[in-house]
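Below is one structure, written out as structure tokens; the observations come after it.
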Amino acid sequence: MHLVTSYEKARLGRMPERGNGVTTRDGQNVTIVHDKLRHEILRGRIPAGETSQAALARDLDVGRTPLREAIRMLQREGLVISEPNRRLRIAELSATDMEELYVMRVALEGVAIRITVPTLGSDGIAELEGLMAQMDHYMRSEDHTGFRGPHHAFHAVLVAGAGERVTSMIAQLFDHAERYRVNFGATRPEIWDQRRAEHRAIVDACAEVDAQLAVQRLVEHYGRTASLVFEGLGGDYDPQRLRVALGAIAPGSESTLLSV
């Protein structure tokens, strides 16, 4: 499980910035409050739009002092917007933001998987197979909470060879993208067979130690995911920047956005 451990280290590597484990006068740990608030935002349990610190403190059952520090940290991540003399806002979900997220994911992960594939070996492939089985189990049981763990880990294994600075950024982008996937239908059980086939194609390319094919399959997977989310967002948005990014990293994959 070495590659997943590397991913977890990359995620934990951000924690010193998130309060250094400081406990406030009211006895609450800033990092714990930050993680709780971040989790609720990313899962869609705190909706986009205006809110108040008092309401958040009440709903999360946390103190105002650690909450203020947690909000400050989430501002740096772009999940919370706070301006003088205005109410606190949870960042809106928009087609423009979604497109920018996936431009970054395609660029970073397309390179990272190319670096990682030659290093996976039989242990890495076995790990991917095991995570595939877990994802399939949870999705067929319609257990979305259970699905998130192996899904995160699966994509983390694919990029772990790129180093902790890169994987830390990828992990953050993955989390932000999940906010869109959950809210706009990219994790529906009825489309799991197609999504499973896309993950299967990535694993097969990795097993063949074909880094270029793995890049192609991963980027096509993200193109199809983005298409589902854009469809859920509605409107007639044209993701031209994402189309360019797809074509640059994996020529031909831009066709996955033709229906958008």
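Quick note on naming: the chains in the structure tokens go A, B, ... in the order shown, residues restart at 1 in each chain, and ligands are numbered from 1 in order of appearance.
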
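Using only C-alpha atoms, the protein and nucleic acid residues lying no more than 8 Å from region 125-142 of chain A, apart from those fewer than 4 places from it along its own chain, are Met1, Leu120, Gly121, Gly146, Phe147, Pro150, His151, Ala153, Phe154, Val157, Pro189, Trp192, Arg196, His199, Arg200, Val203, Cys206 and Ala207 of chain A.
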
Which residues are near Asp35 (chain A)? Cut-off 9 Å, only C-alpha atoms, ignore same chain within fewer than 4 positions. Put them as a list of chain:residue names. A:Arg18, A:Val30, A:Thr31, A:His39, A:Glu40, A:Ala70

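Of the listed residues (A:Ile46, A:Ala162, A:Val209, A:Ala226), A:Ala162 comes nearest to Val111 (chain A); the distances count only C-alpha atoms.
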
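Using only C-alpha atoms, the shortest contact distance between Ala91 (chain A) and any of A:Ile41, A:Met73, A:Ile170, A:Val62 is found at A:Ile41.
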
Which parts of region 27-242 of chain A does DSSP call alpha helix (DSSP H) when run on the backbone here, written out as number ranges by chain? A: 30-42, 53-60, 64-77, 95-116, 121-140, 144-159, 164-183, 192-207, 211-233, 240-242

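Taking region 4-225 of chain A and asking which residues DSSP calls strand (DSSP E) on the backbone, you get Gly49, Glu50, Thr51, Val80, Ile81, Leu88, Arg89 and Ile90 of chain A.
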
I need the residues from that last selection saved to file as a compact mmCIF listing (two decimals), in the first residue's frame (with all heavy atoms), if you can.
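Done, and the output landed in part_36.txt:
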# COMPACT_ATOMS: atom_id res chain seq x y z
N GLY A 49 -23.35 30.05 -1.68
CA GLY A 49 -24.14 31.25 -1.43
C GLY A 49 -23.83 31.86 -0.08
O GLY A 49 -22.92 31.42 0.64
N GLU A 50 -24.60 32.89 0.27
CA GLU A 50 -24.34 33.63 1.49
C GLU A 50 -24.74 32.84 2.74
O GLU A 50 -25.69 32.07 2.73
CB GLU A 50 -25.11 34.96 1.47
CG GLU A 50 -24.57 35.97 0.48
CD GLU A 50 -25.17 37.34 0.68
OE1 GLU A 50 -26.19 37.44 1.41
OE2 GLU A 50 -24.63 38.31 0.12
N THR A 51 -23.97 33.06 3.78
CA THR A 51 -24.27 32.48 5.08
C THR A 51 -23.66 33.40 6.12
O THR A 51 -23.16 34.47 5.80
CB THR A 51 -23.71 31.05 5.20
OG1 THR A 51 -24.15 30.48 6.44
CG2 THR A 51 -22.20 31.02 5.14
N VAL A 80 -14.18 29.64 0.27
CA VAL A 80 -14.95 30.65 1.00
C VAL A 80 -14.52 32.03 0.53
O VAL A 80 -13.34 32.28 0.29
CB VAL A 80 -14.71 30.51 2.53
CG1 VAL A 80 -15.33 31.68 3.29
CG2 VAL A 80 -15.28 29.19 3.04
N ILE A 81 -15.49 32.92 0.41
CA ILE A 81 -15.22 34.30 0.01
C ILE A 81 -15.73 35.22 1.11
O ILE A 81 -16.90 35.15 1.50
CB ILE A 81 -15.92 34.65 -1.32
CG1 ILE A 81 -15.42 33.71 -2.42
CG2 ILE A 81 -15.70 36.11 -1.70
CD1 ILE A 81 -16.26 33.74 -3.67
N LEU A 88 -20.53 36.47 4.70
CA LEU A 88 -19.67 35.38 4.24
C LEU A 88 -20.36 34.62 3.11
O LEU A 88 -21.57 34.43 3.13
CB LEU A 88 -19.43 34.44 5.42
CG LEU A 88 -18.47 33.28 5.22
CD1 LEU A 88 -17.05 33.80 5.18
CD2 LEU A 88 -18.64 32.29 6.37
N ARG A 89 -19.57 34.19 2.11
CA ARG A 89 -20.14 33.43 1.00
C ARG A 89 -19.36 32.15 0.77
O ARG A 89 -18.13 32.16 0.74
CB ARG A 89 -20.11 34.26 -0.29
CG ARG A 89 -21.37 35.02 -0.57
CD ARG A 89 -21.43 35.56 -1.99
NE ARG A 89 -20.26 36.29 -2.39
CZ ARG A 89 -19.56 36.06 -3.50
NH1 ARG A 89 -19.89 35.07 -4.30
NH2 ARG A 89 -18.52 36.80 -3.80
N ILE A 90 -20.08 31.06 0.62
CA ILE A 90 -19.48 29.81 0.15
C ILE A 90 -19.40 29.92 -1.37
O ILE A 90 -20.36 30.31 -2.02
CB ILE A 90 -20.34 28.58 0.54
CG1 ILE A 90 -20.61 28.57 2.06
CG2 ILE A 90 -19.65 27.30 0.09
CD1 ILE A 90 -19.37 28.56 2.92

Show me, as a PyMOL selection string, the residues that have an atom within 9 Å of Gly110 (chain A) when counting only C-alpha atoms, minus same-chain residues fewer than 6 positions from it. chain A and resi 159+214-216+218-219+249-250

Those residues you just picked out, can you put them in a file as a CSV table (one decimal), in the first residue's frame with N, CA and C atoms?
chain,number,residue,atom,x,y,z
A,159,VAL,N,-1.0,8.8,-9.8
A,159,VAL,CA,-0.1,10.0,-9.9
A,159,VAL,C,1.0,10.1,-8.9
A,214,ALA,N,-2.1,5.1,-21.1
A,214,ALA,CA,-2.7,5.5,-19.8
A,214,ALA,C,-3.1,6.9,-19.7
A,215,VAL,N,-2.2,7.8,-20.2
A,215,VAL,CA,-2.6,9.2,-20.3
A,215,VAL,C,-3.9,9.4,-21.1
A,216,GLN,N,-3.9,8.8,-22.3
A,216,GLN,CA,-5.1,8.9,-23.2
A,216,GLN,C,-6.4,8.5,-22.4
A,218,LEU,N,-7.0,8.2,-19.2
A,218,LEU,CA,-7.3,9.0,-18.0
A,218,LEU,C,-7.9,10.4,-18.5
A,219,VAL,N,-7.3,11.0,-19.5
A,219,VAL,CA,-7.8,12.3,-20.0
A,219,VAL,C,-9.2,12.1,-20.6
A,249,ILE,N,-2.9,17.5,-24.2
A,249,ILE,CA,-2.3,16.5,-23.4
A,249,ILE,C,-2.5,15.1,-24.0
A,250,ALA,N,-3.7,14.9,-24.6
A,250,ALA,CA,-4.0,13.6,-25.2
A,250,ALA,C,-4.8,13.8,-26.5

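For the pair CA of Thr187 (chain A) and CA of Gly163 (chain A), the separation is 28.4 Å.
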
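When only C-alpha atoms are used to measure the gap to Glu109 (chain A), the shortest distance among A:Gly149, A:Gly161, A:Gly252, A:Gly44 belongs to A:Gly161.
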
Residues of region 161-233 of chain A that have any atom at most 12 Å from an atom of region 74-79 of chain A: could you tabulate them with the shortest-distance atom pair and the distance in Å to one decimal, using only C-alpha atoms, ordered by chain and increasing number, as CSV?
residue,atom,partner,partner_atom,distance
A:Met169,CA,A:Glu77,CA,10.7
A:Gln172,CA,A:Glu77,CA,8.6
A:Leu173,CA,A:Glu77,CA,10.0
A:Asp175,CA,A:Leu79,CA,10.9
A:His176,CA,A:Leu79,CA,8.4
A:Ala177,CA,A:Leu79,CA,11.7
A:Arg179,CA,A:Leu79,CA,10.4

Contacts of Gln240 (chain A) at 12 Å (only C-alpha atoms; same-chain gap of 6+ positions) as an mmCIF file with N, CA, C and O atoms, in the first residue's frame:
data_model
loop_
_atom_site.group_PDB
_atom_site.id
_atom_site.type_symbol
_atom_site.label_atom_id
_atom_site.label_comp_id
_atom_site.auth_asym_id
_atom_site.auth_seq_id
_atom_site.Cartn_x
_atom_site.Cartn_y
_atom_site.Cartn_z
ATOM 1 N N ALA A 95 -19.874 26.962 -14.296
ATOM 2 C CA ALA A 95 -19.251 26.293 -15.436
ATOM 3 C C ALA A 95 -17.828 26.795 -15.641
ATOM 4 O O ALA A 95 -16.928 26.012 -15.979
ATOM 5 N N THR A 96 -17.598 28.081 -15.411
ATOM 6 C CA THR A 96 -16.256 28.641 -15.590
ATOM 7 C C THR A 96 -15.271 28.033 -14.598
ATOM 8 O O THR A 96 -14.162 27.623 -14.957
ATOM 9 N N GLU A 99 -14.605 24.392 -15.444
ATOM 10 C CA GLU A 99 -13.687 24.253 -16.571
ATOM 11 C C GLU A 99 -12.244 24.474 -16.123
ATOM 12 O O GLU A 99 -11.341 23.707 -16.498
ATOM 13 N N GLU A 100 -12.011 25.493 -15.318
ATOM 14 C CA GLU A 100 -10.650 25.777 -14.861
ATOM 15 C C GLU A 100 -10.097 24.632 -14.020
ATOM 16 O O GLU A 100 -8.906 24.275 -14.129
ATOM 17 N N TYR A 102 -10.805 21.482 -14.310
ATOM 18 C CA TYR A 102 -10.461 20.347 -15.162
ATOM 19 C C TYR A 102 -9.311 20.654 -16.117
ATOM 20 O O TYR A 102 -8.558 19.746 -16.486
ATOM 21 N N VAL A 103 -9.118 21.896 -16.483
ATOM 22 C CA VAL A 103 -7.909 22.258 -17.228
ATOM 23 C C VAL A 103 -6.678 21.928 -16.386
ATOM 24 O O VAL A 103 -5.705 21.327 -16.868
ATOM 25 N N LEU A 246 -7.438 19.258 -23.321
ATOM 26 C CA LEU A 246 -7.584 17.837 -23.638
ATOM 27 C C LEU A 246 -6.786 17.474 -24.885
ATOM 28 O O LEU A 246 -6.049 16.476 -24.903
ATOM 29 N N GLY A 247 -6.930 18.284 -25.917
ATOM 30 C CA GLY A 247 -6.232 17.997 -27.167
ATOM 31 C C GLY A 247 -4.726 18.104 -27.042
ATOM 32 O O GLY A 247 -3.986 17.376 -27.704
ATOM 33 N N GLU A 254 -10.339 15.423 -27.016
ATOM 34 C CA GLU A 254 -11.270 16.555 -27.011
ATOM 35 C C GLU A 254 -12.634 16.175 -27.585
ATOM 36 O O GLU A 254 -13.639 16.860 -27.371
ATOM 37 N N SER A 255 -12.697 15.065 -28.313
ATOM 38 C CA SER A 255 -13.976 14.613 -28.878
ATOM 39 C C SER A 255 -14.970 14.234 -27.784
ATOM 40 O O SER A 255 -16.178 14.174 -28.029
ATOM 41 N N LEU A 257 -15.907 16.016 -25.507
ATOM 42 C CA LEU A 257 -16.685 17.211 -25.167
ATOM 43 C C LEU A 257 -17.582 17.663 -26.308
ATOM 44 O O LEU A 257 -18.224 18.692 -26.205
ATOM 45 N N LEU A 258 -17.663 16.911 -27.376
ATOM 46 C CA LEU A 258 -18.428 17.352 -28.544
ATOM 47 C C LEU A 258 -19.906 17.542 -28.248
ATOM 48 O O LEU A 258 -20.574 18.352 -28.870
ATOM 49 N N VAL A 260 -21.147 18.730 -25.564
ATOM 50 C CA VAL A 260 -21.395 19.850 -24.653
ATOM 51 C C VAL A 260 -21.858 21.060 -25.456
ATOM 52 O O VAL A 260 -21.283 21.391 -26.471
#
